[in-house]
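Report on one structure; see the data block that follows.
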Amino acid sequence: MSKLPEPVNLDTIANNLADSVFIVDKKMEVIWLNQVAEEFFHTNFQKAKGVKITELTAITKLDDLLTEVFEQQTALKTSYEESSVKIKRHDERYFFKIAINPVFHEDKLWGALVQLTDVTRFHEMEKIKSDFVSIVSHEFRTPLTTIIVGVEMLKEGMLGDLTPRGKEVLEAIGSDCERLSRLIDNLMELSRIESGTIYVEAEPTDVNDLVQEAVRPLRVQAEQQGVELITDLPPELPPVAADFNKSVWVLTNLVGNALRYTEQNGTITVRVRQRGKRLFFSVQDTGSGIPKEHLDKIFRKYVQVSGPGRKGTGGVGLGLAIAKDIVMAHGGEIWVDSEVGKGTTFTFTYPVYHGNESVTLPDTEQEGG
């Protein structure tokens, strides 16, 4: 068996890694770091030892991620988005994927190994893809608008009478045009969110107005499907800090999803409750439910959950990803609870309005030294 050449030790191996690697104790203070970390964060072992890793790297997200690992005493298990961070260095931006593994000594939790993998190249490719999606969406918009106008002219008889079969075909074309229009809207909204150009202006918004505007266009569809659409709002709710149009979009999207999975004689309830300084919005249905294995990826882009209870073609799995970004831009959270055969509840939070305030989409950029 071949042996490692002398003198090969932990430092030699770690210093040949392309990633920045840290070992921290339970107080989140740096105990050791490799040469790559020293060079990127402009420090050395003597300066870094005993310094909190969040102070050394200026990556505040590490505080919460390490806390999670210490509490669970298992390796970090979060989505790619939640474990990624953007760091600015000398007018250049770098993207890192964070991996954290607990370190045990004599079966007791001692600290953690933190690894920062440079994924800047992948983010650049993602930006190219987003730019392409944005351009294509804009290019689709003009011819699609022409088709929609032409269909409406035909349906109204402006170009002559139609046979019953002709009307059926036009209805089908019109429905597909509407679906394509929604898809383009979703793609353009997602592109704006990913580019960081979306702006969320929080204003004092009446909750009842917000909910009623969101469910109004879906009431007819619910009646046609034999589904009862209920709104449950207590009186005298305080105004919420929200961008009205974007918030209506989130609620409408959640209710629309519920309609696709709820059978005849089922119910969909839009409920709002106040807890402290936050309002909790929920959309609860009695539909087919979401299998457990899909719950952890339901808010990812291009993810769709298929099942026997699903009705209609839907979109391409962008709605929930966009909804999550909009909710987070308001300083809120969104999550899902579901049980197969019993139904699903989507819940998100918004802050109660307090004075004049505006909110921009949070930038994960961390300013380094």
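Every chain in the structure tokens has a letter given in the order shown (A, B, ...), and although residue numbers restart at 1 in each chain, ligands are simply numbered from 1 in the order shown.
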
**OP:** Run DSSP on the backbone and give me the residues of segment 105-352 of chain A it puts in strand (DSSP E), as a PyMOL selection string.
**Re:** chain A and resi 105+108-118+199-200+203-205+228-232+240-242+267-275+278-285+334-339+343-351

**OP:** Please report, as a PyMOL selection string, each residue of segment 35-276 of chain A to which DSSP assigns alpha helix (DSSP H) when run on this structure's backbone.
**Re:** chain A and resi 35-40+45-48+53-57+61-72+120-155+164-195+207-215+219-225+244-261

Original post:
Which is closest to Leu116 of chain A among A:Val151, A:Val336, A:Ile87, A:Ala48, if we use only C-alpha atoms?
Top reply: A:Ile87

I want to know what sits within 9 Å of segment 24-33 of chain A, based on only C-alpha atoms, with residues of the same chain fewer than 3 positions away left out; could you give that as a short mmCIF file (atom, residue, chain, number, x, y, z; two decimals) with N, CA and C atoms, in the first residue's frame?
data_model
loop_
_atom_site.label_atom_id
_atom_site.label_comp_id
_atom_site.auth_asym_id
_atom_site.auth_seq_id
_atom_site.Cartn_x
_atom_site.Cartn_y
_atom_site.Cartn_z
N ASP A 11 -2.62 20.30 7.51
CA ASP A 11 -2.39 21.60 6.89
C ASP A 11 -2.02 21.46 5.42
N ALA A 14 -5.22 20.46 3.48
CA ALA A 14 -6.21 21.54 3.47
C ALA A 14 -5.75 22.72 2.64
N SER A 20 -12.19 27.67 0.89
CA SER A 20 -11.83 28.22 2.20
C SER A 20 -12.41 27.31 3.27
N VAL A 21 -11.57 26.90 4.22
CA VAL A 21 -12.00 25.98 5.26
C VAL A 21 -11.66 26.56 6.63
N VAL A 36 -6.07 29.11 1.89
CA VAL A 36 -7.01 29.75 0.96
C VAL A 36 -7.87 30.76 1.70
N ALA A 37 -8.35 30.38 2.89
CA ALA A 37 -9.18 31.29 3.70
C ALA A 37 -8.36 32.50 4.14
N GLU A 38 -7.12 32.28 4.52
CA GLU A 38 -6.26 33.39 4.94
C GLU A 38 -6.08 34.40 3.81
N ASN A 44 -4.36 36.03 8.84
CA ASN A 44 -3.47 34.89 9.08
C ASN A 44 -3.92 34.20 10.36
N PHE A 45 -3.29 33.09 10.66
CA PHE A 45 -3.74 32.27 11.79
C PHE A 45 -3.71 33.07 13.10
N ALA A 48 -6.58 35.57 13.16
CA ALA A 48 -7.92 34.99 13.07
C ALA A 48 -8.30 34.17 14.28
N LYS A 49 -7.32 33.59 14.96
CA LYS A 49 -7.61 32.68 16.07
C LYS A 49 -8.36 33.39 17.19
N GLY A 50 -9.48 32.81 17.58
CA GLY A 50 -10.28 33.37 18.66
C GLY A 50 -11.28 34.42 18.22
N VAL A 51 -11.26 34.78 16.92
CA VAL A 51 -12.22 35.77 16.40
C VAL A 51 -13.47 35.04 15.91
N LYS A 52 -14.63 35.62 16.18
CA LYS A 52 -15.86 35.00 15.69
C LYS A 52 -15.83 34.96 14.16
N ILE A 53 -16.28 33.85 13.61
CA ILE A 53 -16.20 33.67 12.16
C ILE A 53 -17.06 34.69 11.41
N THR A 54 -18.18 35.12 12.01
CA THR A 54 -19.01 36.13 11.35
C THR A 54 -18.29 37.48 11.29
N LEU A 56 -14.95 37.81 11.23
CA LEU A 56 -13.80 37.65 10.34
C LEU A 56 -14.22 37.69 8.87
N ASP A 63 -24.02 32.84 11.30
CA ASP A 63 -24.50 32.77 12.68
C ASP A 63 -25.70 31.83 12.79
N LEU A 66 -24.78 28.08 11.64
CA LEU A 66 -24.04 27.35 12.67
C LEU A 66 -24.93 26.99 13.85
N THR A 67 -25.80 27.93 14.23
CA THR A 67 -26.74 27.65 15.32
C THR A 67 -27.60 26.44 14.99
N PHE A 70 -25.47 23.26 15.33
CA PHE A 70 -25.21 22.94 16.74
C PHE A 70 -26.46 22.39 17.42
N VAL A 103 -18.30 18.87 14.52
CA VAL A 103 -17.09 18.17 14.94
C VAL A 103 -17.32 17.67 16.37
N LEU A 109 -20.35 17.20 21.22
CA LEU A 109 -20.21 18.25 20.22
C LEU A 109 -19.14 19.24 20.65
N TRP A 110 -18.17 19.44 19.79
CA TRP A 110 -17.05 20.33 20.13
C TRP A 110 -17.07 21.63 19.31
N GLY A 111 -17.44 21.50 18.06
CA GLY A 111 -17.43 22.66 17.18
C GLY A 111 -17.93 22.28 15.80
N ALA A 112 -17.39 22.93 14.78
CA ALA A 112 -17.86 22.64 13.42
C ALA A 112 -16.79 22.97 12.40
N LEU A 113 -16.86 22.27 11.27
CA LEU A 113 -16.00 22.55 10.13
C LEU A 113 -16.84 23.31 9.10
N VAL A 114 -16.37 24.48 8.72
CA VAL A 114 -17.10 25.34 7.78
C VAL A 114 -16.32 25.40 6.47
#

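Atom pair atom CA of Ala214 of chain A / atom CA of Val255 of chain A has a distance of 8.4 Å (rounded to one decimal).
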
**OP:** Find the residues near Asp118 of chain A: any atom within 12 Å, counting only C-alpha atoms, skip ones fewer than 3 places away on the same chain, and give them as a VMD selection string.
**Re:** chain A and resid 17 to 21 36 to 37 40 84 to 87 93 to 99 115 121 to 124

Store the residues picked out above in a file with N, CA, C and O atoms, as a tab-separated table (two decimals), in the first residue's frame.
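Result file is result_25.tsv:
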chain	number	residue	atom	x	y	z
A	17	LEU	N	-6.60	22.50	-1.02
A	17	LEU	CA	-8.00	22.58	-1.43
A	17	LEU	C	-8.28	23.92	-2.09
A	17	LEU	O	-7.63	24.93	-1.76
A	18	ALA	N	-9.24	23.95	-2.98
A	18	ALA	CA	-9.62	25.22	-3.63
A	18	ALA	C	-10.59	26.01	-2.77
A	18	ALA	O	-10.84	27.18	-3.03
A	19	ASP	N	-11.14	25.38	-1.71
A	19	ASP	CA	-12.14	26.03	-0.86
A	19	ASP	C	-11.51	26.66	0.38
A	19	ASP	O	-10.46	26.21	0.86
A	20	SER	N	-12.19	27.67	0.89
A	20	SER	CA	-11.83	28.22	2.20
A	20	SER	C	-12.41	27.31	3.27
A	20	SER	O	-13.60	27.00	3.25
A	21	VAL	N	-11.57	26.90	4.22
A	21	VAL	CA	-12.00	25.98	5.26
A	21	VAL	C	-11.66	26.56	6.63
A	21	VAL	O	-10.55	27.06	6.85
A	36	VAL	N	-6.07	29.11	1.89
A	36	VAL	CA	-7.01	29.75	0.96
A	36	VAL	C	-7.87	30.76	1.70
A	36	VAL	O	-8.11	31.88	1.22
A	37	ALA	N	-8.35	30.38	2.89
A	37	ALA	CA	-9.18	31.29	3.70
A	37	ALA	C	-8.36	32.50	4.14
A	37	ALA	O	-8.86	33.63	4.15
A	40	PHE	N	-7.98	34.84	1.02
A	40	PHE	CA	-9.20	35.50	0.55
A	40	PHE	C	-9.68	36.55	1.55
A	40	PHE	O	-10.12	37.64	1.16
A	84	SER	N	-26.33	29.74	0.32
A	84	SER	CA	-25.45	30.49	-0.58
A	84	SER	C	-25.31	31.93	-0.10
A	84	SER	O	-26.21	32.46	0.55
A	85	VAL	N	-24.20	32.53	-0.44
A	85	VAL	CA	-23.95	33.91	-0.01
A	85	VAL	C	-23.14	34.63	-1.07
A	85	VAL	O	-22.37	34.02	-1.81
A	86	LYS	N	-23.36	35.94	-1.14
A	86	LYS	CA	-22.61	36.78	-2.08
A	86	LYS	C	-21.68	37.68	-1.29
A	86	LYS	O	-22.09	38.32	-0.32
A	87	ILE	N	-20.41	37.72	-1.67
A	87	ILE	CA	-19.41	38.52	-0.96
A	87	ILE	C	-18.76	39.49	-1.93
A	87	ILE	O	-18.40	39.12	-3.05
A	93	ARG	N	-17.59	40.65	-7.19
A	93	ARG	CA	-18.53	39.87	-6.41
A	93	ARG	C	-18.23	38.39	-6.56
A	93	ARG	O	-18.02	37.89	-7.67
A	94	TYR	N	-18.24	37.71	-5.44
A	94	TYR	CA	-18.02	36.27	-5.41
A	94	TYR	C	-19.23	35.59	-4.76
A	94	TYR	O	-19.83	36.13	-3.83
A	95	PHE	N	-19.55	34.41	-5.24
A	95	PHE	CA	-20.64	33.63	-4.67
A	95	PHE	C	-20.08	32.35	-4.07
A	95	PHE	O	-19.26	31.67	-4.71
A	96	PHE	N	-20.53	32.04	-2.86
A	96	PHE	CA	-20.04	30.86	-2.18
A	96	PHE	C	-21.20	29.99	-1.70
A	96	PHE	O	-22.25	30.49	-1.28
A	97	LYS	N	-21.00	28.69	-1.79
A	97	LYS	CA	-21.92	27.72	-1.22
A	97	LYS	C	-21.33	27.30	0.13
A	97	LYS	O	-20.17	26.90	0.21
A	98	ILE	N	-22.14	27.40	1.18
A	98	ILE	CA	-21.68	27.11	2.53
A	98	ILE	C	-22.03	25.67	2.91
A	98	ILE	O	-23.18	25.25	2.78
A	99	ALA	N	-21.02	24.93	3.38
A	99	ALA	CA	-21.24	23.59	3.93
A	99	ALA	C	-20.71	23.57	5.36
A	99	ALA	O	-19.61	24.10	5.62
A	115	GLN	N	-17.00	25.10	5.37
A	115	GLN	CA	-16.35	25.08	4.06
A	115	GLN	C	-17.08	26.02	3.12
A	115	GLN	O	-18.30	25.95	2.98
A	121	ARG	N	-18.74	31.06	-10.88
A	121	ARG	CA	-18.90	30.72	-12.29
A	121	ARG	C	-20.33	30.24	-12.57
A	121	ARG	O	-20.93	30.57	-13.59
A	122	PHE	N	-20.88	29.46	-11.65
A	122	PHE	CA	-22.23	28.95	-11.84
A	122	PHE	C	-23.26	30.08	-11.78
A	122	PHE	O	-24.25	30.08	-12.50
A	123	HIS	N	-23.01	31.05	-10.90
A	123	HIS	CA	-23.92	32.20	-10.81
A	123	HIS	C	-23.85	33.04	-12.07
A	123	HIS	O	-24.85	33.60	-12.52
A	124	GLU	N	-22.66	33.16	-12.64
A	124	GLU	CA	-22.53	33.91	-13.89
A	124	GLU	C	-23.32	33.22	-15.00
A	124	GLU	O	-23.97	33.87	-15.82

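By chain and then residue number, the residues within 7 Å of Val248 of chain A are A:Leu210, A:Glu213, A:Ala214, A:Phe244, A:Asn245, A:Lys246, A:Val250, A:Leu251, A:Thr252, counting only C-alpha atoms and disregarding those fewer than 2 positions away in sequence.
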
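Proximity ranking of A:Asp107, A:Arg275, A:Ile173, A:Phe132 relative to Gly150 of chain A places A:Ile173 first, based on only C-alpha atoms.
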